[in-house]
Amino acid sequence: RLRREPIPPRYSLLLNARKMVMGGPLQKSSPSLARGTQWIFKDLNGEASMTVGIPMINSFKALQCVCFTLNGKPHLVENPDPDMLLVDFIRYIKGLTGTKKSCGEGGCGACTVLIESASTGGVAVPVNACLRPLCSVHGQKVITIEGVQDNARVAASLASHNGSQCGFCSPGMVMSMQGLLAQTKADQGGLQAGGGAGPSPQQVERQFEGNLCRCTGYRAILDAMQTFAVDSKNCPDVEDLVSQMSTEELLQPRAATNRPLAAGCGAMASAKNDADAQAPVVVCMGYRGRKQWVVATSAVEAWSCLSGPKRARLVAGNTAHQGVAKYYNGEAWGVAATSERDAEAEVLVDVQHVPEMTAISFSSKDQCLSVGGAASLSAMQQALQLHSRESPSFQPMADHLEKVANHQVRSVGTVAGNLMLARRYPGFVSALATLLAAADATLHVVQAQGELPPSNELVEMGVQQFLENSSSCPMLMVKVSIPAMPQNGRFLSWKVARRSQNAHAIVNAAFALTLHGNVVTSARVVYGGIRGRAALAPNTQAALTGRDVTQQETLDVAMAALRAELVVDPSMPGEARYRESMLASFLYKTMLALQPPKSLCASLVSAIQPPLHSRQVSKGALSLKGAEDPGEFPISEPVGKLSALAQCEGQARYTDDIPLEPSQLHGAFVLAPKAGGVLKGVDASFATSCRGVVMFIDAHTMVQSNLANQVSSDEALFLAVGEVSQHEGQRVGLVLAESQAEADLAARHVKVEMGDCNRPLILTLDDAIAARSFYSDEPGKLEVGDAESALASADVVVNGSVQCGHQYHFYMETQTADAKLVDGRGGAGVNLEITSATQNPKMMQQLISKTLNKPMATVEVKMERAGGGYGGKANRSWSVGVAAAVGAHVSRRAVRIVLDLNTNMRMLGSRRPHRMDYKVGASKDGKILAVTGTVYMLQGAHADLDSGATPLDVAVGIDNAYMIPHWRLEGFTCKSDTPGNTFCRGPSFTPGVFLIESALDHVAQALGLSPDVVRQRNLYSVDDVTPLGQQLHFCHAKECWDRVQASAGYAERALAVREFNAANRWVKRAVVCLPQKYGMARATGYTVRVGVQDDGSVLVQQSGCEIGQGLNVKVAQVVARTLGCALEAVHVDGVSSKWSRVGTGGSTTSEGNCASALLACQKLIQRMAPFRTQETPKGDTTPQEAWVALVAKCAASGVDLQAQAALSDQPKATDGIPPTSPYGDFQYLSYGAACVQVQLDVLTGTLEVMHATIVHDGGVSLNPLIDAGQAQGGFVMGLGYHTSEEHKFDPATGRLLTNGTWEYKPPSSTDIPEEMNVEFLDKVPNPLGVLHSKAVGEPPLLLGCAVVFAARAAVQAARIHETHDDPDGDTVLLNSPITAEQLHAQCTINQKSYLLKST
């Protein structure tokens, strides 16, 4: 029984207008098994009611119908769009919005779904729906979070462990875990009764390498998922958590999700009965475009398509094309394909069903592993492990593949796709190419020969020959043959990358050697990332062959040969000097690994053991008791977020999850391709002729429509012709189309003509300072005491310069806005309603009103939740909201704009970089006497909505937690040709703390003292006064310092570090402690409305935006405690510009709204007070029942049960509300401290954070569980800022080169400390905080810079072995971020120290 499900009208309008007719009817009878796969739909009795087969593949007849199951229900999509991605079908046609779309390139995991097919061995594996074309799931099973029966268990664990903050990543995390559970069941043949089978802790630890989370710091996520590990102490009963079901049963649809979805989203209504549930759903897409999707069932068919007259592209996993290639062909910067080679294909050839291209086998006769070109990387990895006994090379190769990409990508990314990408783009450093070249693999390909007719003959070629084949003729890779090594062989491989996992290599290498005793009889040496493509080193191979690996001469000769023959290409990513150094480091590591067992000196062993998998299963602990007050519960009770479970189950709705309007349009920005050039013209004629495109809006449109294009004094909505572009990525126009995909595609085809910049671009702080590019020549100043006299009397004076860089906010939900026209209130005209993922609805309302010249009363901006913000959705969210409003106003249709990640990063700014040139004086015992210098802050091309940071913004926190009596600082705000920067979590304080800590560290080095001793001697005490005049009447800096040293066992760790460093030559450790002080403003102006309903439920309308910080649950706790109702009775609504007047930020939004809610509730209590004493509740009456009875009495008597309040300044304390602070501009100060231990691989500069203990002064927390999560997440965000998150710009165009997950690397789950503990300072209520609380969202981030100073100490430990001509050679100053390149260079290794015997 078929039920036809027409797609929503918005798609019908678009798709029915497409002209080209596709060939080939749907084959209603089953083809032969040799030609295709049959698909059988069964009726209620289990009888076959219809069989659909894959169409016969000949004459380029395209696939007419995609047949697959979605959450257990058969689907037939007629005339599918070959360009449609699975994520878009799931979200926009099926309305299953639990699957999120974030990066769109397979780098974040938010879109993770499970797919089961023949190629996955019948096991459901996690894949990225944002990479997978809809047509590619033909004949497969697709499971989203809505369709996983066992989802509730994983989701509940994640929610209960506080593993979901903003929640945007949570469904992807759940689906990744479901994939592991399914894989474990398959591997173990199902759970055995009384068994306890399940994933190991190590498997769980590594499962989330492809899932990013900016909020939580991963600790809570891993804790939640480890409850499913087989030997987890947290799991009460494995059988209770993972039921004894087959994989297929595990992934059946769950009844809870069979609910109707809102009209207009294209979703199927809930099934009424089993019959309806089994009926196949037919979706009539009606595509009439020219592109075709062809399913090949043999290599001959695939080759006939590829070598045919039309441009064809092979498709299997689509990971390389969709996720990686754009960074090499320019599409990541909005550049349309210009070469024939990169031009859009007319025919997409699906090779997933080609047996000879997916088969994997090992031949005992030939001693060779054969891997089909269309086999996945995971399948290849599993085959290598399965046959590891056959060759010493197989297991090391499998281990290295574990570090390639992530689970989702490896599940479907293919061998041939990876190698083809390496062949086409020399800048792509392919690990697979390096491994296969070292293994002497043979590629079996079919290749066209110029003008000759296509041949079906297989040609064998080596990896090098293949990579260097520059022919543009079609080539089909059928399989790869990997010969087994002799059992006396050794295979070693190495890699350095921006991040520990899911990061491409800067440099990699592989060594395949056979030995007779200690003598090398043959060698293959391959490096990647040195000069483009994997490069063999034949002279080095010859130098090694015939030599004894235990002899130093062998290493020296091979090293000389290697340097001579492999010359670094400076155009490759990564610093040239670092890549050149890795040549020697990897060879040296290899030679150390080749030393006979037990003969290698103990001090050298750690340099090679283990080469890839050194990380243990991470752990952590929370100590919350100190912040709780049980007498005030539910206030200060550690309860989870109100929406945590809904977020984890994929039911929470974000802006792009709102059902689309029938006539919905989607917008995509056109951006300037370079900085500093005059915009000469914009040609959108071709773009507007593309399918689905409705109109193009630019500065000319704004003038014609009488709209204001200038939003702030120096920033326009759109760059106008004749104006100079302020930065690459500046908005030039907006394309409106019927779908987001069509808008994005058309935007790339708008031709933007720009002149060249007639001066060197200013892209960095150093550039701006050299050019004196300042917003004002008048500096900001901070002068306290007599700094010059103090410096003159100091025992030591140090001079230095240090800087910290950008940080992209990396909110998982990119900037999103939806604007629609609504009937005017009272019938007066047409109003605008904008839903936006913003932190400031009121500001956006003001800007839209100004732009459209409409009264603010006719514009409403709504916000329910956002998938992260961190300050990036405060001032920088306006452009998307205003553009959506302009689009709706001009088109008279609803408009939605969802920025793709590349556009988001190019168009909008980041954290502001800072540099300080300093002079610091100190006494010989380490007391800091004076600080002088100049601080530079990089604002970018324009101010931040006329509210840019002050020239000396760091003055608020540059003293950190130290009493320094004398100051003289100047500050300049620098202007550059980069996007305008903005606030980011912990603004001003984060750079301020890093700068002063760097100077203090420098002083300690000059005095020969431990930096921790210097820190302790300068800590603030009670009633000290800061440089800004704040009296520290309640100071807990020393308490935090003492507590963190005790809790972390600092003294014992420091002793163990010294012993370790003495015993290890090439691996060094360090441990440091760091304090922090953070000033909090009084959170006034947040309006809160509390309305008690007749049934006793309570509706709260507050002004703060829920962006993951747990604001809603804290407000609900305060309301429940104050009114005396159950927490479950309180419901917190979204935010509207109708009553919200203040933006969300600064960590104090939660307490500000809690204070306003408390005041509103107190009004209600006063009104209800006369009715509380009329009747005494019966003994068995619950508090909630008593509350409901009280509400009924009040309602019957006409009592007004609605109240509104907003916190303001007040001279005296009232019940729960503190007075305005009399001690300075800040309401109060928050304190904390961290102890961090690191381990440095000196030979590569790779850093690992081993331990972190964080102590926070939280007062009486409003919710300690929420606050602990904020501390974890903030600290890890700080780690990322100071280690892996680097911004790079192209000096020629101003392009941001790190504009996506391919190059920009926030921390992953394997980058957090192996042990991370959070503890609240015990019993320190805050007299100046709301309900004695303190904010926690931002302060712990400051402590992340401890990793810099721990790394500095490790570098200094490495330098002990080196000699320097410079008398200051032992001084180490590190700029942030501390990349592997910088750390390795700072170690100043003399490669003559590369010895096989320790000296």
# chains A, B, ... in the order shown; residues from 1 in each chain; ligands from 1

call {"tool": "select_by_dssp", "arguments": {"residues": "region 620-781 of chain A", "states": "strand (DSSP E or B)", "output": "ChimeraX atom specification"}}
result
/A:620-623,665-671,678-683,693-698,710-712,715-716,724,731-737,751-754,774,780-781

call {"tool": "residues_around", "arguments": {"residues": "Ala320 (chain A)", "least_positions_apart": "6", "cutoff": "10 Å", "atoms": "only C-alpha atoms", "output": "list in words"}}
result
Glu105, Gly106, Leu131, Lys326, Val409, Gly413, Thr414, Gly417, Asn418, Leu419, Met420, Leu421 and Ala422 of chain A

call {"tool": "atom_distance", "arguments": {"atom1": "CA of Ser1010 (chain A)", "atom2": "CA of Ser998 (chain A)"}}
result
13.5 Å

call {"tool": "residues_around", "arguments": {"residues": "region 1230-1241 of chain A", "least_positions_apart": "2", "cutoff": "6 Å", "atoms": "only C-alpha atoms", "output": "PyMOL selection string"}}
result
chain A and resi 1037+1040-1041+1067-1078+1243-1257

call {"tool": "write_last_selection", "arguments": {"atoms": "N, CA, C and O atoms", "output": "compact mmCIF listing (two decimals), in the first residue's frame"}}
result
# COMPACT_ATOMS: atom_id res chain seq x y z
N ALA A 1037 41.26 35.39 47.09
CA ALA A 1037 42.34 34.95 46.20
C ALA A 1037 43.25 33.93 46.87
O ALA A 1037 43.60 32.90 46.29
N CYS A 1040 41.57 30.46 47.45
CA CYS A 1040 41.51 29.65 46.23
C CYS A 1040 42.88 29.07 45.90
O CYS A 1040 43.00 27.90 45.50
N TRP A 1041 43.92 29.87 46.08
CA TRP A 1041 45.29 29.42 45.81
C TRP A 1041 45.66 28.24 46.72
O TRP A 1041 46.17 27.21 46.25
N VAL A 1067 61.01 14.07 26.27
CA VAL A 1067 59.66 14.37 26.73
C VAL A 1067 59.78 15.08 28.08
O VAL A 1067 60.46 14.58 28.97
N LYS A 1068 59.13 16.24 28.19
CA LYS A 1068 59.24 17.02 29.40
C LYS A 1068 57.86 17.35 29.96
O LYS A 1068 56.89 17.51 29.22
N ARG A 1069 57.79 17.43 31.26
CA ARG A 1069 56.55 17.76 31.94
C ARG A 1069 56.73 19.04 32.76
O ARG A 1069 57.84 19.44 33.08
N ALA A 1070 55.60 19.63 33.11
CA ALA A 1070 55.61 20.81 33.97
C ALA A 1070 54.26 20.93 34.64
O ALA A 1070 53.24 20.49 34.11
N VAL A 1071 54.26 21.55 35.82
CA VAL A 1071 53.03 21.80 36.55
C VAL A 1071 53.07 23.22 37.08
O VAL A 1071 54.11 23.68 37.57
N VAL A 1072 51.97 23.95 36.93
CA VAL A 1072 51.90 25.32 37.42
C VAL A 1072 50.56 25.55 38.10
O VAL A 1072 49.58 24.83 37.85
N CYS A 1073 50.50 26.56 38.93
CA CYS A 1073 49.25 27.05 39.50
C CYS A 1073 49.04 28.48 39.04
O CYS A 1073 50.01 29.23 38.86
N LEU A 1074 47.78 28.85 38.89
CA LEU A 1074 47.46 30.19 38.39
C LEU A 1074 46.20 30.68 39.08
O LEU A 1074 45.21 29.94 39.17
N PRO A 1075 46.21 31.93 39.57
CA PRO A 1075 44.99 32.49 40.17
C PRO A 1075 44.23 33.34 39.15
O PRO A 1075 44.75 33.62 38.06
N GLN A 1076 43.01 33.73 39.49
CA GLN A 1076 42.29 34.68 38.65
C GLN A 1076 41.34 35.51 39.51
O GLN A 1076 40.84 35.04 40.52
N LYS A 1077 41.11 36.74 39.05
CA LYS A 1077 40.13 37.64 39.64
C LYS A 1077 39.30 38.22 38.51
O LYS A 1077 39.84 38.63 37.49
N TYR A 1078 37.99 38.27 38.71
CA TYR A 1078 37.10 38.74 37.64
C TYR A 1078 36.06 39.68 38.24
O TYR A 1078 35.40 39.34 39.23
N LEU A 1243 60.50 16.71 20.44
CA LEU A 1243 60.88 16.47 19.05
C LEU A 1243 59.83 16.98 18.06
O LEU A 1243 60.15 17.24 16.91
N THR A 1244 58.59 17.13 18.51
CA THR A 1244 57.54 17.58 17.59
C THR A 1244 56.83 18.85 18.07
O THR A 1244 56.11 19.48 17.29
N GLY A 1245 56.98 19.20 19.32
CA GLY A 1245 56.25 20.34 19.86
C GLY A 1245 54.82 20.03 20.25
O GLY A 1245 54.05 20.92 20.62
N THR A 1246 54.45 18.76 20.21
CA THR A 1246 53.09 18.35 20.56
C THR A 1246 52.90 18.40 22.07
O THR A 1246 53.72 17.88 22.82
N LEU A 1247 51.80 19.01 22.49
CA LEU A 1247 51.54 19.21 23.92
C LEU A 1247 50.30 18.45 24.33
O LEU A 1247 49.30 18.44 23.63
N GLU A 1248 50.35 17.83 25.49
CA GLU A 1248 49.21 17.13 26.07
C GLU A 1248 48.96 17.67 27.47
O GLU A 1248 49.89 17.82 28.26
N VAL A 1249 47.69 17.95 27.76
CA VAL A 1249 47.32 18.41 29.10
C VAL A 1249 46.94 17.19 29.91
O VAL A 1249 45.95 16.52 29.65
N MET A 1250 47.73 16.90 30.91
CA MET A 1250 47.55 15.68 31.70
C MET A 1250 46.55 15.87 32.83
O MET A 1250 45.79 14.95 33.15
N HIS A 1251 46.58 17.04 33.44
CA HIS A 1251 45.76 17.23 34.65
C HIS A 1251 45.36 18.69 34.78
O HIS A 1251 46.10 19.60 34.42
N ALA A 1252 44.15 18.90 35.31
CA ALA A 1252 43.71 20.24 35.68
C ALA A 1252 42.77 20.13 36.86
O ALA A 1252 41.82 19.34 36.85
N THR A 1253 43.06 20.89 37.88
CA THR A 1253 42.14 21.06 39.00
C THR A 1253 41.74 22.53 39.04
O THR A 1253 42.61 23.40 39.03
N ILE A 1254 40.46 22.78 39.10
CA ILE A 1254 39.93 24.14 39.07
C ILE A 1254 39.17 24.38 40.37
O ILE A 1254 38.29 23.59 40.73
N VAL A 1255 39.52 25.44 41.04
CA VAL A 1255 38.79 25.85 42.25
C VAL A 1255 38.14 27.18 41.94
O VAL A 1255 38.79 28.12 41.47
N HIS A 1256 36.83 27.26 42.21
CA HIS A 1256 36.10 28.49 41.91
C HIS A 1256 35.38 29.00 43.14
O HIS A 1256 34.79 28.23 43.91
N ASP A 1257 35.45 30.31 43.30
CA ASP A 1257 34.74 30.99 44.39
C ASP A 1257 33.36 31.35 43.86
O ASP A 1257 33.17 32.37 43.22

call {"tool": "select_by_dssp", "arguments": {"residues": "region 1115-1217 of chain A", "states": "alpha helix (DSSP H)", "output": "PyMOL selection string"}}
result
chain A and resi 1115-1123+1149-1172+1183-1196

call {"tool": "write_last_selection", "arguments": {"atoms": "N, CA and C atoms", "output": "CSV table (one decimal), in the first residue's frame"}}
result
chain,number,residue,atom,x,y,z
A,1115,VAL,N,16.2,30.7,37.0
A,1115,VAL,CA,15.1,31.5,37.3
A,1115,VAL,C,13.9,30.7,37.8
A,1116,ALA,N,13.7,29.5,37.2
A,1116,ALA,CA,12.6,28.6,37.7
A,1116,ALA,C,12.9,28.2,39.2
A,1117,GLN,N,14.1,27.9,39.5
A,1117,GLN,CA,14.4,27.6,40.9
A,1117,GLN,C,14.0,28.7,41.9
A,1118,VAL,N,14.4,29.9,41.5
A,1118,VAL,CA,14.1,31.1,42.4
A,1118,VAL,C,12.6,31.3,42.5
A,1119,VAL,N,11.9,31.1,41.4
A,1119,VAL,CA,10.4,31.3,41.4
A,1119,VAL,C,9.8,30.2,42.2
A,1120,ALA,N,10.2,29.0,42.1
A,1120,ALA,CA,9.6,27.9,42.8
A,1120,ALA,C,9.8,28.0,44.3
A,1121,ARG,N,11.1,28.4,44.7
A,1121,ARG,CA,11.4,28.6,46.1
A,1121,ARG,C,10.6,29.7,46.7
A,1122,THR,N,10.5,30.8,46.0
A,1122,THR,CA,9.9,32.0,46.5
A,1122,THR,C,8.4,31.9,46.6
A,1123,LEU,N,7.7,31.3,45.6
A,1123,LEU,CA,6.3,31.1,45.6
A,1123,LEU,C,5.9,29.9,46.5
A,1149,THR,N,23.8,37.7,33.6
A,1149,THR,CA,22.4,37.7,33.1
A,1149,THR,C,21.5,36.8,34.0
A,1150,SER,N,22.1,35.6,34.3
A,1150,SER,CA,21.3,34.7,35.1
A,1150,SER,C,20.9,35.3,36.5
A,1151,GLU,N,21.9,35.9,37.2
A,1151,GLU,CA,21.5,36.4,38.5
A,1151,GLU,C,20.7,37.7,38.4
A,1152,GLY,N,20.8,38.4,37.3
A,1152,GLY,CA,20.0,39.6,37.1
A,1152,GLY,C,18.6,39.3,36.9
A,1153,ASN,N,18.3,38.2,36.1
A,1153,ASN,CA,16.9,37.8,35.9
A,1153,ASN,C,16.4,37.1,37.1
A,1154,CYS,N,17.2,36.4,37.8
A,1154,CYS,CA,16.8,35.8,39.1
A,1154,CYS,C,16.4,36.8,40.1
A,1155,ALA,N,17.1,37.9,40.1
A,1155,ALA,CA,16.8,39.0,41.1
A,1155,ALA,C,15.5,39.6,40.7
A,1156,SER,N,15.3,39.9,39.4
A,1156,SER,CA,14.0,40.5,38.9
A,1156,SER,C,12.8,39.5,39.2
A,1157,ALA,N,13.1,38.2,38.9
A,1157,ALA,CA,12.0,37.2,39.2
A,1157,ALA,C,11.7,37.2,40.7
A,1158,LEU,N,12.7,37.3,41.5
A,1158,LEU,CA,12.5,37.3,43.0
A,1158,LEU,C,11.6,38.5,43.4
A,1159,LEU,N,11.9,39.7,42.8
A,1159,LEU,CA,11.2,40.9,43.1
A,1159,LEU,C,9.7,40.7,42.7
A,1160,ALA,N,9.5,40.2,41.5
A,1160,ALA,CA,8.2,40.0,41.0
A,1160,ALA,C,7.4,39.0,41.8
A,1161,CYS,N,8.1,37.9,42.3
A,1161,CYS,CA,7.4,36.9,43.1
A,1161,CYS,C,7.1,37.5,44.5
A,1162,GLN,N,7.9,38.4,45.0
A,1162,GLN,CA,7.6,39.0,46.3
A,1162,GLN,C,6.4,39.9,46.2
A,1163,LYS,N,6.2,40.5,45.0
A,1163,LYS,CA,4.9,41.3,44.9
A,1163,LYS,C,3.7,40.3,44.9
A,1164,LEU,N,3.9,39.2,44.3
A,1164,LEU,CA,2.8,38.2,44.3
A,1164,LEU,C,2.5,37.7,45.7
A,1165,ILE,N,3.6,37.4,46.4
A,1165,ILE,CA,3.5,36.9,47.8
A,1165,ILE,C,2.7,37.9,48.7
A,1166,GLN,N,3.0,39.1,48.5
A,1166,GLN,CA,2.3,40.1,49.3
A,1166,GLN,C,0.8,40.1,49.0
A,1167,ARG,N,0.5,40.0,47.7
A,1167,ARG,CA,-0.9,40.0,47.3
A,1167,ARG,C,-1.7,38.7,47.8
A,1168,MET,N,-0.9,37.6,47.8
A,1168,MET,CA,-1.5,36.4,48.2
A,1168,MET,C,-1.5,36.1,49.7
A,1169,ALA,N,-0.8,36.9,50.4
A,1169,ALA,CA,-0.6,36.7,51.9
A,1169,ALA,C,-1.9,36.6,52.7
A,1170,PRO,N,-2.9,37.5,52.4
A,1170,PRO,CA,-4.1,37.3,53.2
A,1170,PRO,C,-4.8,36.0,53.1
A,1171,PHE,N,-4.6,35.3,52.0
A,1171,PHE,CA,-5.3,34.1,51.8
A,1171,PHE,C,-4.5,32.9,52.3
A,1172,ARG,N,-3.3,33.0,52.6
A,1172,ARG,CA,-2.5,31.9,53.1
A,1172,ARG,C,-2.9,31.5,54.5
A,1183,PRO,N,3.0,20.2,49.5
A,1183,PRO,CA,3.2,21.6,49.2
A,1183,PRO,C,2.6,22.1,47.9
A,1184,GLN,N,2.7,21.2,46.9
A,1184,GLN,CA,2.1,21.6,45.6
A,1184,GLN,C,0.6,21.7,45.7
A,1185,GLU,N,0.0,20.7,46.4
A,1185,GLU,CA,-1.5,20.8,46.5
A,1185,GLU,C,-1.9,22.0,47.3
A,1186,ALA,N,-1.1,22.4,48.3
A,1186,ALA,CA,-1.4,23.6,49.1
A,1186,ALA,C,-1.3,24.8,48.2
A,1187,TRP,N,-0.3,24.8,47.4
A,1187,TRP,CA,-0.1,25.9,46.4
A,1187,TRP,C,-1.3,26.1,45.5
A,1188,VAL,N,-1.7,25.0,44.9
A,1188,VAL,CA,-2.8,25.0,44.0
A,1188,VAL,C,-4.1,25.5,44.6
A,1189,ALA,N,-4.3,25.1,45.9
A,1189,ALA,CA,-5.5,25.5,46.6
A,1189,ALA,C,-5.4,27.0,46.9
A,1190,LEU,N,-4.2,27.5,47.2
A,1190,LEU,CA,-4.0,28.9,47.5
A,1190,LEU,C,-4.3,29.7,46.2
A,1191,VAL,N,-3.8,29.3,45.1
A,1191,VAL,CA,-4.0,30.0,43.8
A,1191,VAL,C,-5.5,30.0,43.5
A,1192,ALA,N,-6.2,28.9,43.8
A,1192,ALA,CA,-7.7,28.9,43.5
A,1192,ALA,C,-8.4,30.0,44.3
A,1193,LYS,N,-8.0,30.1,45.6
A,1193,LYS,CA,-8.7,31.1,46.5
A,1193,LYS,C,-8.4,32.5,45.9
A,1194,CYS,N,-7.2,32.7,45.6
A,1194,CYS,CA,-6.8,34.1,45.1
A,1194,CYS,C,-7.5,34.4,43.8
A,1195,ALA,N,-7.6,33.4,42.9
A,1195,ALA,CA,-8.2,33.7,41.6
A,1195,ALA,C,-9.7,33.9,41.8
A,1196,ALA,N,-10.3,33.2,42.7
A,1196,ALA,CA,-11.7,33.4,43.0
A,1196,ALA,C,-12.0,34.7,43.6

call {"tool": "residues_around", "arguments": {"residues": "region 528-543 of chain A", "least_positions_apart": "2", "cutoff": "8 Å", "atoms": "only C-alpha atoms", "output": "VMD selection string"}}
result
chain A and resid 422 to 423 426 to 431 433 to 434 437 464 467 505 to 509 522 to 526 545 to 547 554 557 to 559 561 to 562 565 to 570 572 to 573 579 to 580

call {"tool": "closest_residue", "arguments": {"among": "A:Asn875, A:Thr1283, A:Gln647, A:Thr1293", "to": "Asn840 (chain A)", "atoms": "only C-alpha atoms"}}
result
A:Asn875

call {"tool": "residues_around", "arguments": {"residues": "region 799-808 of chain A", "least_positions_apart": "5", "cutoff": "8 Å", "atoms": "only C-alpha atoms", "output": "MDAnalysis selection string"}}
result
chainID A and resid 905 909:920 984 991 994:995 998:999 1281:1282 1285:1287 1373:1377

call {"tool": "residues_around", "arguments": {"residues": "Trp1139 (chain A)", "least_positions_apart": "5", "cutoff": "10 Å", "atoms": "only C-alpha atoms", "output": "short mmCIF file (atom, residue, chain, number, x, y, z; two decimals) with N, CA, C and O atoms, in the first residue's frame"}}
result
data_model
loop_
_atom_site.label_atom_id
_atom_site.label_comp_id
_atom_site.auth_asym_id
_atom_site.auth_seq_id
_atom_site.Cartn_x
_atom_site.Cartn_y
_atom_site.Cartn_z
N PRO A 841 17.81 40.80 21.62
CA PRO A 841 16.63 41.08 20.79
C PRO A 841 16.30 42.56 20.70
O PRO A 841 15.88 43.04 19.65
N LYS A 842 16.46 43.31 21.77
CA LYS A 842 16.12 44.74 21.76
C LYS A 842 17.00 45.51 20.79
O LYS A 842 16.52 46.35 20.03
N TYR A 1086 16.95 43.95 33.74
CA TYR A 1086 16.31 42.77 33.17
C TYR A 1086 14.86 42.68 33.68
O TYR A 1086 14.62 42.43 34.86
N THR A 1087 13.93 42.87 32.78
CA THR A 1087 12.51 42.80 33.15
C THR A 1087 12.04 41.36 33.16
O THR A 1087 12.30 40.60 32.23
N VAL A 1088 11.34 40.99 34.23
CA VAL A 1088 10.79 39.64 34.35
C VAL A 1088 9.31 39.75 34.71
O VAL A 1088 8.94 40.49 35.62
N ARG A 1089 8.49 39.01 33.98
CA ARG A 1089 7.06 38.91 34.27
C ARG A 1089 6.77 37.51 34.80
O ARG A 1089 7.18 36.52 34.22
N GLN A 1101 8.16 35.09 32.00
CA GLN A 1101 8.69 35.74 30.80
C GLN A 1101 9.84 36.62 31.26
O GLN A 1101 9.64 37.67 31.86
N GLN A 1102 11.07 36.16 31.00
CA GLN A 1102 12.22 36.90 31.46
C GLN A 1102 12.96 37.51 30.27
O GLN A 1102 12.61 37.28 29.13
N SER A 1103 13.99 38.28 30.55
CA SER A 1103 14.66 39.07 29.52
C SER A 1103 15.99 38.48 29.06
O SER A 1103 16.60 39.02 28.16
#

call {"tool": "residues_around", "arguments": {"residues": "region 632-643 of chain A", "least_positions_apart": "5", "cutoff": "7 Å", "atoms": "only C-alpha atoms", "output": "VMD selection string"}}
result
chain A and resid 160 162 1110 1113 1117 to 1118 1121 1260 to 1266

call {"tool": "write_last_selection", "arguments": {"atoms": "N, CA and C atoms", "output": "short mmCIF file (atom, residue, chain, number, x, y, z; two decimals), in the first residue's frame"}}
result
data_model
loop_
_atom_site.label_atom_id
_atom_site.label_comp_id
_atom_site.auth_asym_id
_atom_site.auth_seq_id
_atom_site.Cartn_x
_atom_site.Cartn_y
_atom_site.Cartn_z
N SER A 160 21.12 13.82 32.35
CA SER A 160 21.27 13.75 33.81
C SER A 160 22.69 14.07 34.26
N ASN A 162 24.40 16.46 33.00
CA ASN A 162 24.63 17.85 32.62
C ASN A 162 25.53 17.93 31.38
N GLY A 1110 22.11 27.89 31.30
CA GLY A 1110 21.23 27.42 32.35
C GLY A 1110 20.43 28.52 33.02
N VAL A 1113 16.64 27.49 34.11
CA VAL A 1113 16.43 26.64 35.28
C VAL A 1113 16.72 27.41 36.56
N GLN A 1117 14.10 27.93 39.53
CA GLN A 1117 14.39 27.56 40.92
C GLN A 1117 14.04 28.69 41.88
N VAL A 1118 14.40 29.91 41.51
CA VAL A 1118 14.10 31.06 42.36
C VAL A 1118 12.59 31.25 42.48
N ARG A 1121 11.05 28.41 44.68
CA ARG A 1121 11.36 28.57 46.11
C ARG A 1121 10.59 29.75 46.72
N VAL A 1260 27.20 31.10 47.27
CA VAL A 1260 26.16 30.07 47.33
C VAL A 1260 25.57 29.99 45.93
N SER A 1261 25.93 28.95 45.24
CA SER A 1261 25.54 28.84 43.83
C SER A 1261 24.02 28.76 43.69
N LEU A 1262 23.50 29.42 42.66
CA LEU A 1262 22.08 29.27 42.34
C LEU A 1262 21.79 27.86 41.86
N ASN A 1263 22.78 27.22 41.24
CA ASN A 1263 22.66 25.83 40.81
C ASN A 1263 24.08 25.31 40.58
N PRO A 1264 24.65 24.61 41.55
CA PRO A 1264 26.05 24.19 41.43
C PRO A 1264 26.33 23.23 40.29
N LEU A 1265 25.36 22.41 39.89
CA LEU A 1265 25.59 21.51 38.77
C LEU A 1265 25.76 22.30 37.48
N ILE A 1266 24.89 23.27 37.27
CA ILE A 1266 25.00 24.13 36.10
C ILE A 1266 26.31 24.90 36.14
#
